[in-house]
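**Student:** Next comes the structure file my_file.pdb, holding PDB, C-alpha atoms.
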ATOM      1  CA  MET A 203      42.292  -2.308 -14.694
ATOM      2  CA  LEU A 204      41.060  -5.476 -13.008
ATOM      3  CA  LYS A 205      37.504  -5.127 -11.734
ATOM      4  CA  PRO A 206      36.411  -6.807  -8.477
ATOM      5  CA  PRO A 207      33.869  -9.629  -8.645
ATOM      6  CA  VAL A 208      30.273  -8.397  -8.693
ATOM      7  CA  ASP A 209      28.008  -9.225  -5.756
ATOM      8  CA  LEU A 210      25.453  -6.392  -5.831
ATOM      9  CA  VAL A 211      23.195  -5.015  -8.570
ATOM     10  CA  THR A 212      21.014  -1.927  -8.254
ATOM     11  CA  VAL A 213      18.060  -1.510 -10.577
ATOM     12  CA  SER A 214      16.656   1.949 -11.301
ATOM     13  CA  ARG A 215      13.539   1.932 -13.434
ATOM     14  CA  GLU A 216      10.977   4.168 -15.044
ATOM     15  CA  TYR A 217       7.457   3.104 -14.170
ATOM     16  CA  GLY A 218       6.288   0.488 -16.622
ATOM     17  CA  ALA A 219       9.751  -0.228 -18.019
ATOM     18  CA  GLY A 220       9.793  -3.704 -16.479
ATOM     19  CA  GLY A 221      12.250  -3.186 -13.636
ATOM     20  CA  SER A 222      10.638  -5.668 -11.261
ATOM     21  CA  VAL A 223      10.428  -8.385 -13.925
ATOM     22  CA  PHE A 224      14.029  -7.730 -14.916
ATOM     23  CA  ALA A 225      15.243  -7.994 -11.309
ATOM     24  CA  LYS A 226      13.268 -11.186 -10.701
ATOM     25  CA  GLN A 227      14.576 -12.871 -13.854
ATOM     26  CA  LEU A 228      18.151 -11.760 -13.218
ATOM     27  CA  GLY A 229      17.921 -13.083  -9.673
ATOM     28  CA  GLU A 230      16.656 -16.421 -10.938
ATOM     29  CA  GLN A 231      19.439 -16.672 -13.512
ATOM     30  CA  LEU A 232      22.194 -15.807 -11.031
ATOM     31  CA  GLY A 233      20.638 -17.551  -8.050
ATOM     32  CA  TRP A 234      20.652 -14.269  -6.092
ATOM     33  CA  PRO A 235      17.939 -12.871  -3.788
ATOM     34  CA  VAL A 236      16.072  -9.731  -4.830
ATOM     35  CA  LEU A 237      15.112  -6.888  -2.507
ATOM     36  CA  ASN A 238      12.126  -5.182  -4.116
ATOM     37  CA  TYR A 239       8.609  -5.292  -2.705
ATOM     38  CA  GLU A 240      10.102  -6.863   0.423
ATOM     39  CA  ILE A 241      11.342  -3.406   1.402
ATOM     40  CA  ILE A 242       7.767  -2.400   2.238
ATOM     41  CA  ALA A 243       7.296  -5.265   4.691
ATOM     42  CA  LEU A 244      10.678  -4.678   6.319
ATOM     43  CA  VAL A 245      10.061  -0.936   6.702
ATOM     44  CA  ALA A 246       6.592  -1.580   8.128
ATOM     45  CA  GLU A 247       8.090  -3.975  10.686
ATOM     46  CA  ARG A 248      10.834  -1.504  11.588
ATOM     47  CA  LEU A 249       8.377   1.369  12.108
ATOM     48  CA  ASN A 250       5.555  -0.767  13.560
ATOM     49  CA  LEU A 251       3.199   0.283  10.767
ATOM     50  CA  GLN A 252       0.763  -1.555   8.546
ATOM     51  CA  GLU A 253       2.217  -2.479   5.157
ATOM     52  CA  GLY A 254      -0.559  -0.595   3.384
ATOM     53  CA  VAL A 255       0.483   2.653   5.058
ATOM     54  CA  VAL A 256       4.091   2.212   3.937
ATOM     55  CA  ARG A 257       3.056   1.178   0.417
ATOM     56  CA  GLN A 258       1.109   4.420  -0.034
ATOM     57  CA  ARG A 259       4.184   6.508   0.858
ATOM     58  CA  ASP A 260       6.947   4.321  -0.548
ATOM     59  CA  GLU A 261       9.453   6.153  -2.822
ATOM     60  CA  GLN A 262       7.571   9.418  -2.418
ATOM     61  CA  PRO A 263       8.784  12.755  -1.074
ATOM     62  CA  PRO A 264       6.592  14.691   1.387
ATOM     63  CA  GLY A 265       3.593  16.369  -0.218
ATOM     64  CA  TRP A 266       2.257  19.753   0.789
ATOM     65  CA  LEU A 267      -0.142  18.209   3.307
ATOM     66  CA  ASP A 268       2.770  16.382   4.944
ATOM     67  CA  ARG A 269       4.729  19.623   5.179
ATOM     68  CA  ILE A 270       1.765  21.434   6.753
ATOM     69  CA  ALA A 271       1.257  18.607   9.237
ATOM     70  CA  SER A 272       4.930  18.662  10.180
ATOM     71  CA  THR A 273       4.739  22.406  10.757
ATOM     72  CA  LEU A 274       1.685  22.074  12.989
ATOM     73  CA  LEU A 275       3.484  19.491  15.110
ATOM     74  CA  ILE A 276       6.228  21.985  15.918
ATOM     75  CA  SER A 277       5.000  24.274  18.662
ATOM     76  CA  SER A 278       6.632  27.439  19.947
ATOM     77  CA  PRO A 279       7.791  27.719  23.586
ATOM     78  CA  GLU A 280       5.179  30.450  24.104
ATOM     79  CA  SER A 281       2.260  28.198  23.150
ATOM     80  CA  PRO A 282       3.194  24.560  23.759
ATOM     81  CA  MET A 283       1.010  21.898  22.141
ATOM     82  CA  LEU A 284       0.431  18.756  24.144
ATOM     83  CA  VAL A 285       0.976  16.437  21.168
ATOM     84  CA  GLU A 286       3.007  13.251  21.307
ATOM     85  CA  THR A 287       5.101  13.240  18.107
ATOM     86  CA  SER A 288       7.553  10.405  18.706
ATOM     87  CA  GLY A 289       5.387   7.897  16.853
ATOM     88  CA  VAL A 290       4.201  10.129  14.032
ATOM     89  CA  MET A 291       4.794   8.604  10.596
ATOM     90  CA  THR A 292       6.190  10.846   7.873
ATOM     91  CA  PRO A 293       7.558  10.176   4.367
ATOM     92  CA  ASP A 294      10.962  11.160   5.736
ATOM     93  CA  SER A 295      10.798   8.472   8.427
ATOM     94  CA  ILE A 296       9.807   5.879   5.820
ATOM     95  CA  ALA A 297      12.666   6.934   3.547
ATOM     96  CA  THR A 298      15.122   6.755   6.454
ATOM     97  CA  ALA A 299      13.916   3.274   7.360
ATOM     98  CA  ALA A 300      14.104   2.139   3.720
ATOM     99  CA  HIS A 301      17.690   3.391   3.522
ATOM    100  CA  ALA A 302      18.578   1.443   6.673
ATOM    101  CA  VAL A 303      16.916  -1.738   5.374
ATOM    102  CA  ILE A 304      18.830  -1.498   2.087
ATOM    103  CA  VAL A 305      22.187  -0.887   3.767
ATOM    104  CA  GLU A 306      21.660  -3.781   6.181
ATOM    105  CA  THR A 307      20.655  -6.147   3.365
ATOM    106  CA  ALA A 308      23.756  -5.241   1.360
ATOM    107  CA  LYS A 309      25.939  -6.419   4.237
ATOM    108  CA  SER A 310      25.070 -10.003   3.218
ATOM    109  CA  PRO A 311      25.617 -10.115  -0.556
ATOM    110  CA  PRO A 312      24.997 -11.156  -3.228
ATOM    111  CA  VAL A 313      21.747  -9.278  -3.737
ATOM    112  CA  ILE A 314      19.788  -7.325  -6.334
ATOM    113  CA  ILE A 315      18.157  -4.126  -5.010
ATOM    114  CA  VAL A 316      15.351  -2.339  -6.836
ATOM    115  CA  GLY A 317      14.738   1.416  -6.655
ATOM    116  CA  HIS A 318      14.872   3.688  -3.594
ATOM    117  CA  GLY A 319      17.955   5.567  -4.800
ATOM    118  CA  ALA A 320      20.155   2.500  -4.255
ATOM    119  CA  GLN A 321      22.384   3.577  -7.146
ATOM    120  CA  TYR A 322      23.540   6.513  -5.016
ATOM    121  CA  ILE A 323      23.776   4.564  -1.768
ATOM    122  CA  PHE A 324      26.299   2.212  -3.407
ATOM    123  CA  ARG A 325      27.813   4.438  -6.075
ATOM    124  CA  ASP A 326      31.351   4.028  -4.657
ATOM    125  CA  ARG A 327      31.007   0.426  -3.495
ATOM    126  CA  PRO A 328      33.365  -2.034  -5.247
ATOM    127  CA  GLY A 329      31.654  -5.023  -6.828
ATOM    128  CA  THR A 330      28.460  -3.131  -7.699
ATOM    129  CA  ILE A 331      26.733  -2.940 -11.078
ATOM    130  CA  GLN A 332      24.188  -0.150 -11.595
ATOM    131  CA  VAL A 333      21.423  -0.831 -14.138
ATOM    132  CA  ARG A 334      18.638   1.427 -15.399
ATOM    133  CA  LEU A 335      15.564   0.504 -17.427
ATOM    134  CA  THR A 336      13.728   3.124 -19.460
ATOM    135  CA  GLY A 337      11.231   3.151 -22.308
ATOM    136  CA  THR A 338       9.047   5.372 -24.421
ATOM    137  CA  ILE A 339       5.848   6.447 -22.735
ATOM    138  CA  GLU A 340       3.927   4.419 -25.331
ATOM    139  CA  SER A 341       5.802   1.175 -24.673
ATOM    140  CA  ARG A 342       5.523   1.610 -20.926
ATOM    141  CA  ALA A 343       1.805   2.392 -21.083
ATOM    142  CA  GLN A 344       1.238  -0.779 -23.102
ATOM    143  CA  ARG A 345       3.111  -2.839 -20.536
ATOM    144  CA  ILE A 346       1.122  -1.293 -17.668
ATOM    145  CA  VAL A 347      -2.193  -1.990 -19.402
ATOM    146  CA  ALA A 348      -1.175  -5.595 -20.110
ATOM    147  CA  ARG A 349      -0.339  -6.025 -16.428
ATOM    148  CA  ASP A 350      -3.059  -3.988 -14.695
ATOM    149  CA  GLY A 351      -5.757  -3.299 -17.293
ATOM    150  CA  GLY A 352      -7.271   0.120 -17.935
ATOM    151  CA  THR A 353      -6.583   2.486 -20.795
ATOM    152  CA  GLU A 354      -3.235   3.499 -22.269
ATOM    153  CA  ALA A 355      -4.017   7.156 -21.575
ATOM    154  CA  ASP A 356      -4.520   6.462 -17.861
ATOM    155  CA  ALA A 357      -1.424   4.254 -17.791
ATOM    156  CA  ALA A 358       0.685   6.968 -19.409
ATOM    157  CA  ALA A 359      -0.564   9.508 -16.867
ATOM    158  CA  SER A 360       0.311   7.147 -14.002
ATOM    159  CA  ALA A 361       3.782   6.574 -15.458
ATOM    160  CA  ARG A 362       4.490  10.302 -15.661
ATOM    161  CA  ARG A 363       3.202  10.891 -12.121
ATOM    162  CA  ILE A 364       5.180   8.049 -10.531
ATOM    163  CA  ASP A 365       8.327   8.945 -12.459
ATOM    164  CA  ALA A 366       8.038  12.491 -11.098
ATOM    165  CA  GLN A 367       7.638  11.142  -7.548
ATOM    166  CA  ARG A 368      10.712   8.943  -7.901
ATOM    167  CA  GLN A 369      12.737  11.833  -9.298
ATOM    168  CA  SER A 370      11.690  14.015  -6.351
ATOM    169  CA  TYR A 371      12.490  11.196  -3.919
ATOM    170  CA  VAL A 372      16.045  10.777  -5.211
ATOM    171  CA  GLN A 373      16.542  14.543  -5.366
ATOM    172  CA  ARG A 374      15.344  15.049  -1.772
ATOM    173  CA  TYR A 375      17.171  12.185  -0.098
ATOM    174  CA  TYR A 376      20.285  11.758  -2.274
ATOM    175  CA  HIS A 377      20.629  15.202  -3.868
ATOM    176  CA  HIS A 378      21.132  13.898  -7.390
ATOM    177  CA  MET A 379      19.164  13.570 -10.600
ATOM    178  CA  TRP A 380      17.342  10.247 -10.812
ATOM    179  CA  THR A 381      18.134  10.055 -14.545
ATOM    180  CA  ASP A 382      21.866  10.927 -14.421
ATOM    181  CA  PRO A 383      23.366   8.579 -17.058
ATOM    182  CA  ALA A 384      26.873   8.844 -15.599
ATOM    183  CA  ILE A 385      25.897   6.780 -12.546
ATOM    184  CA  PHE A 386      24.836   3.682 -14.500
ATOM    185  CA  ASP A 387      26.951   0.857 -15.925
ATOM    186  CA  ALA A 388      24.173  -0.323 -18.241
ATOM    187  CA  GLN A 389      20.944   1.262 -19.444
ATOM    188  CA  PHE A 390      18.252  -0.374 -21.561
ATOM    189  CA  ASN A 391      15.276   0.993 -23.463
ATOM    190  CA  THR A 392      12.838  -1.870 -22.957
ATOM    191  CA  GLY A 393      10.718  -0.589 -25.821
ATOM    192  CA  ARG A 394      13.579  -1.714 -28.087
ATOM    193  CA  VAL A 395      15.450  -4.311 -26.035
ATOM    194  CA  THR A 396      13.434  -7.111 -24.463
ATOM    195  CA  ILE A 397      13.628  -7.889 -20.757
ATOM    196  CA  ASP A 398      15.101 -11.297 -21.602
ATOM    197  CA  GLU A 399      17.843  -9.670 -23.684
ATOM    198  CA  ALA A 400      18.640  -7.163 -20.922
ATOM    199  CA  VAL A 401      18.885  -9.982 -18.369
ATOM    200  CA  ARG A 402      21.245 -11.995 -20.579
ATOM    201  CA  LEU A 403      23.495  -8.995 -21.227
ATOM    202  CA  VAL A 404      23.749  -7.982 -17.561
ATOM    203  CA  ALA A 405      24.264 -11.574 -16.433
ATOM    204  CA  ALA A 406      27.074 -11.933 -18.988
ATOM    205  CA  LEU A 407      28.697  -8.741 -17.703
ATOM    206  CA  ILE A 408      28.476  -9.929 -14.113
ATOM    207  CA  GLU A 409      29.774 -13.401 -14.906
ATOM    208  CA  SER A 410      32.664 -11.956 -16.931
ATOM    209  CA  ARG A 411      33.866 -10.305 -13.722
ATOM    210  CA  GLY A 412      33.580 -13.481 -11.724
ATOM    211  CA  ALA A 413      30.298 -13.025  -9.874
ATOM    212  CA  ARG A 414      30.398 -13.954  -6.197
ATOM    213  CA  LYS A 415      28.095 -16.774  -5.211
TER
END
Can you dump the structure from the file as structure tokens?
**Tutor:**
Amino acid sequence: MLKPPVDLVTVSREYGAGGSVFAKQLGEQLGWPVLNYEIIALVAERLNLQEGVVRQRDEQPPGWLDRIASTLLISSPESPMLVETSGVMTPDSIATAAHAVIVETAKSPPVIIVGHGAQYIFRDRPGTIQVRLTGTIESRAQRIVARDGGTEADAAASARRIDAQRQSYVQRYYHHMWTDPAIFDAQFNTGRVTIDEAVRLVAALIESRGARK
């Protein structure tokens, strides 16, 4: 069956597997823009928040403190609370804004989109390639230390924590497993396959289908 030309790539990534580097290099090779860290700035502008506030909550589900705060903001008719809630920031509002930013950006392809459950937003969209980068905890910890410093033990702990947050994020907002292999067209273990190799393979796949410029 003839496949449509590719004009959108989603990149799912375990923390420390090199997803941002992969997306940047693939974008440079194809001449396509990349939507990655830019999501934070666009969400902050949309919600009239500081970028630091969005960065702290980006790709995270509500924690228990958020759930308690949300409960306290809901008052009963018998005891109304004089609290203005229209401008209250929650992880849900950030996730909703991120979804909107991603959908709007995809209206002007080609583009490469990193994280934020994009593989499920565009799972049925023609002309989309879904890529996932994984790695052993050891290889990812080494990459994190090389990038940020610190110890491999601390890096491994951060990787496990952030992976769990991303899994919970996708589960909450898209009702699917973050790691579901059936959703991806290509998956690479970057502890065994280099980022450069992964970029070349995905670029070849895209170009074989007649990538849209």
**Student:** Please report the interatomic distance between CA of Ile296 (chain A) and CA of Arg327 (chain A) in Å with one decimal.
**Tutor:** 23.8 Å
**Student:** Identify the residues within 12 Å of coordinate (22.1, 0.2, 4.6) (same frame as the file), considering only C-alpha atoms, and give the answer as a PyMOL selection string.
**Tutor:** chain A and resi 241+297-310+315+318-320+322-324
**Student:** I want to know what sits within 7 Å of region 369-383 of chain A, based on all atoms listed in the file, with residues of the same chain fewer than 2 positions away left out; could you give that as an mmCIF file with C-alpha atoms, keeping the file's coordinate frame?
**Tutor:**
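Saved to part-v1.cif:
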data_model
loop_
_atom_site.group_PDB
_atom_site.id
_atom_site.type_symbol
_atom_site.label_atom_id
_atom_site.label_comp_id
_atom_site.auth_asym_id
_atom_site.auth_seq_id
_atom_site.Cartn_x
_atom_site.Cartn_y
_atom_site.Cartn_z
ATOM 1 C CA GLU A 261 9.453 6.153 -2.822
ATOM 2 C CA GLN A 262 7.571 9.418 -2.418
ATOM 3 C CA PRO A 263 8.784 12.755 -1.074
ATOM 4 C CA GLY A 319 17.955 5.567 -4.800
ATOM 5 C CA TYR A 322 23.540 6.513 -5.016
ATOM 6 C CA ASP A 365 8.327 8.945 -12.459
ATOM 7 C CA ALA A 366 8.038 12.491 -11.098
ATOM 8 C CA GLN A 367 7.638 11.142 -7.548
ATOM 9 C CA ILE A 385 25.897 6.780 -12.546
ATOM 10 C CA PHE A 386 24.836 3.682 -14.500
#
**Student:** Taking (2.2, 2.5, -22.5) in the file's own coordinates, collect the residues within 10 Å, counting all atoms listed in the file, and hand them back as a list in words.
**Tutor:** Tyr217, Gly218, Ala219, Gly337, Thr338, Ile339, Glu340, Ser341, Arg342, Ala343, Gln344, Arg345, Ile346, Val347, Ala348, Thr353, Glu354, Ala355, Asp356, Ala357, Ala358, Ala359, Ser360, Ala361 and Gly393 of chain A
**Student:** If you measure from CA of Gln321 (chain A) to CA of Val213 (chain A), what distance in Å do you get, rounded to one decimal?
**Tutor:**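 These atoms are spaced 7.5 Å apart.
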**Student:** Mind pulling up the distance from CA of Ser295 (chain A) to CA of Val245 (chain A)?
**Tutor:**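 About the pair CA of Val245 (chain A) and CA of Ser295 (chain A): they are 9.6 Å apart.
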**Student:** As a check of understanding, name the residues that the PyMOL selection byres ((chain A and resi 209) around 6) selects in the supplied structure, as a tab-separated table (two decimals) with C-alpha atoms, in the coordinates of the input.
**Tutor:**
chain	number	residue	atom	x	y	z
A	208	VAL	CA	30.27	-8.40	-8.69
A	210	LEU	CA	25.45	-6.39	-5.83
A	311	PRO	CA	25.62	-10.12	-0.56
A	312	PRO	CA	25.00	-11.16	-3.23
A	329	GLY	CA	31.65	-5.02	-6.83
A	414	ARG	CA	30.40	-13.95	-6.20
**Student:** Under the rule that all atoms listed in the file are counted, which of A:Val211, A:Ile397, A:Arg363, A:Glu216 is the nearest residue to Val236 (chain A)?
**Tutor:**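 When distances to Val236 (chain A) are compared using all atoms listed in the file, the smallest one comes from A:Val211.
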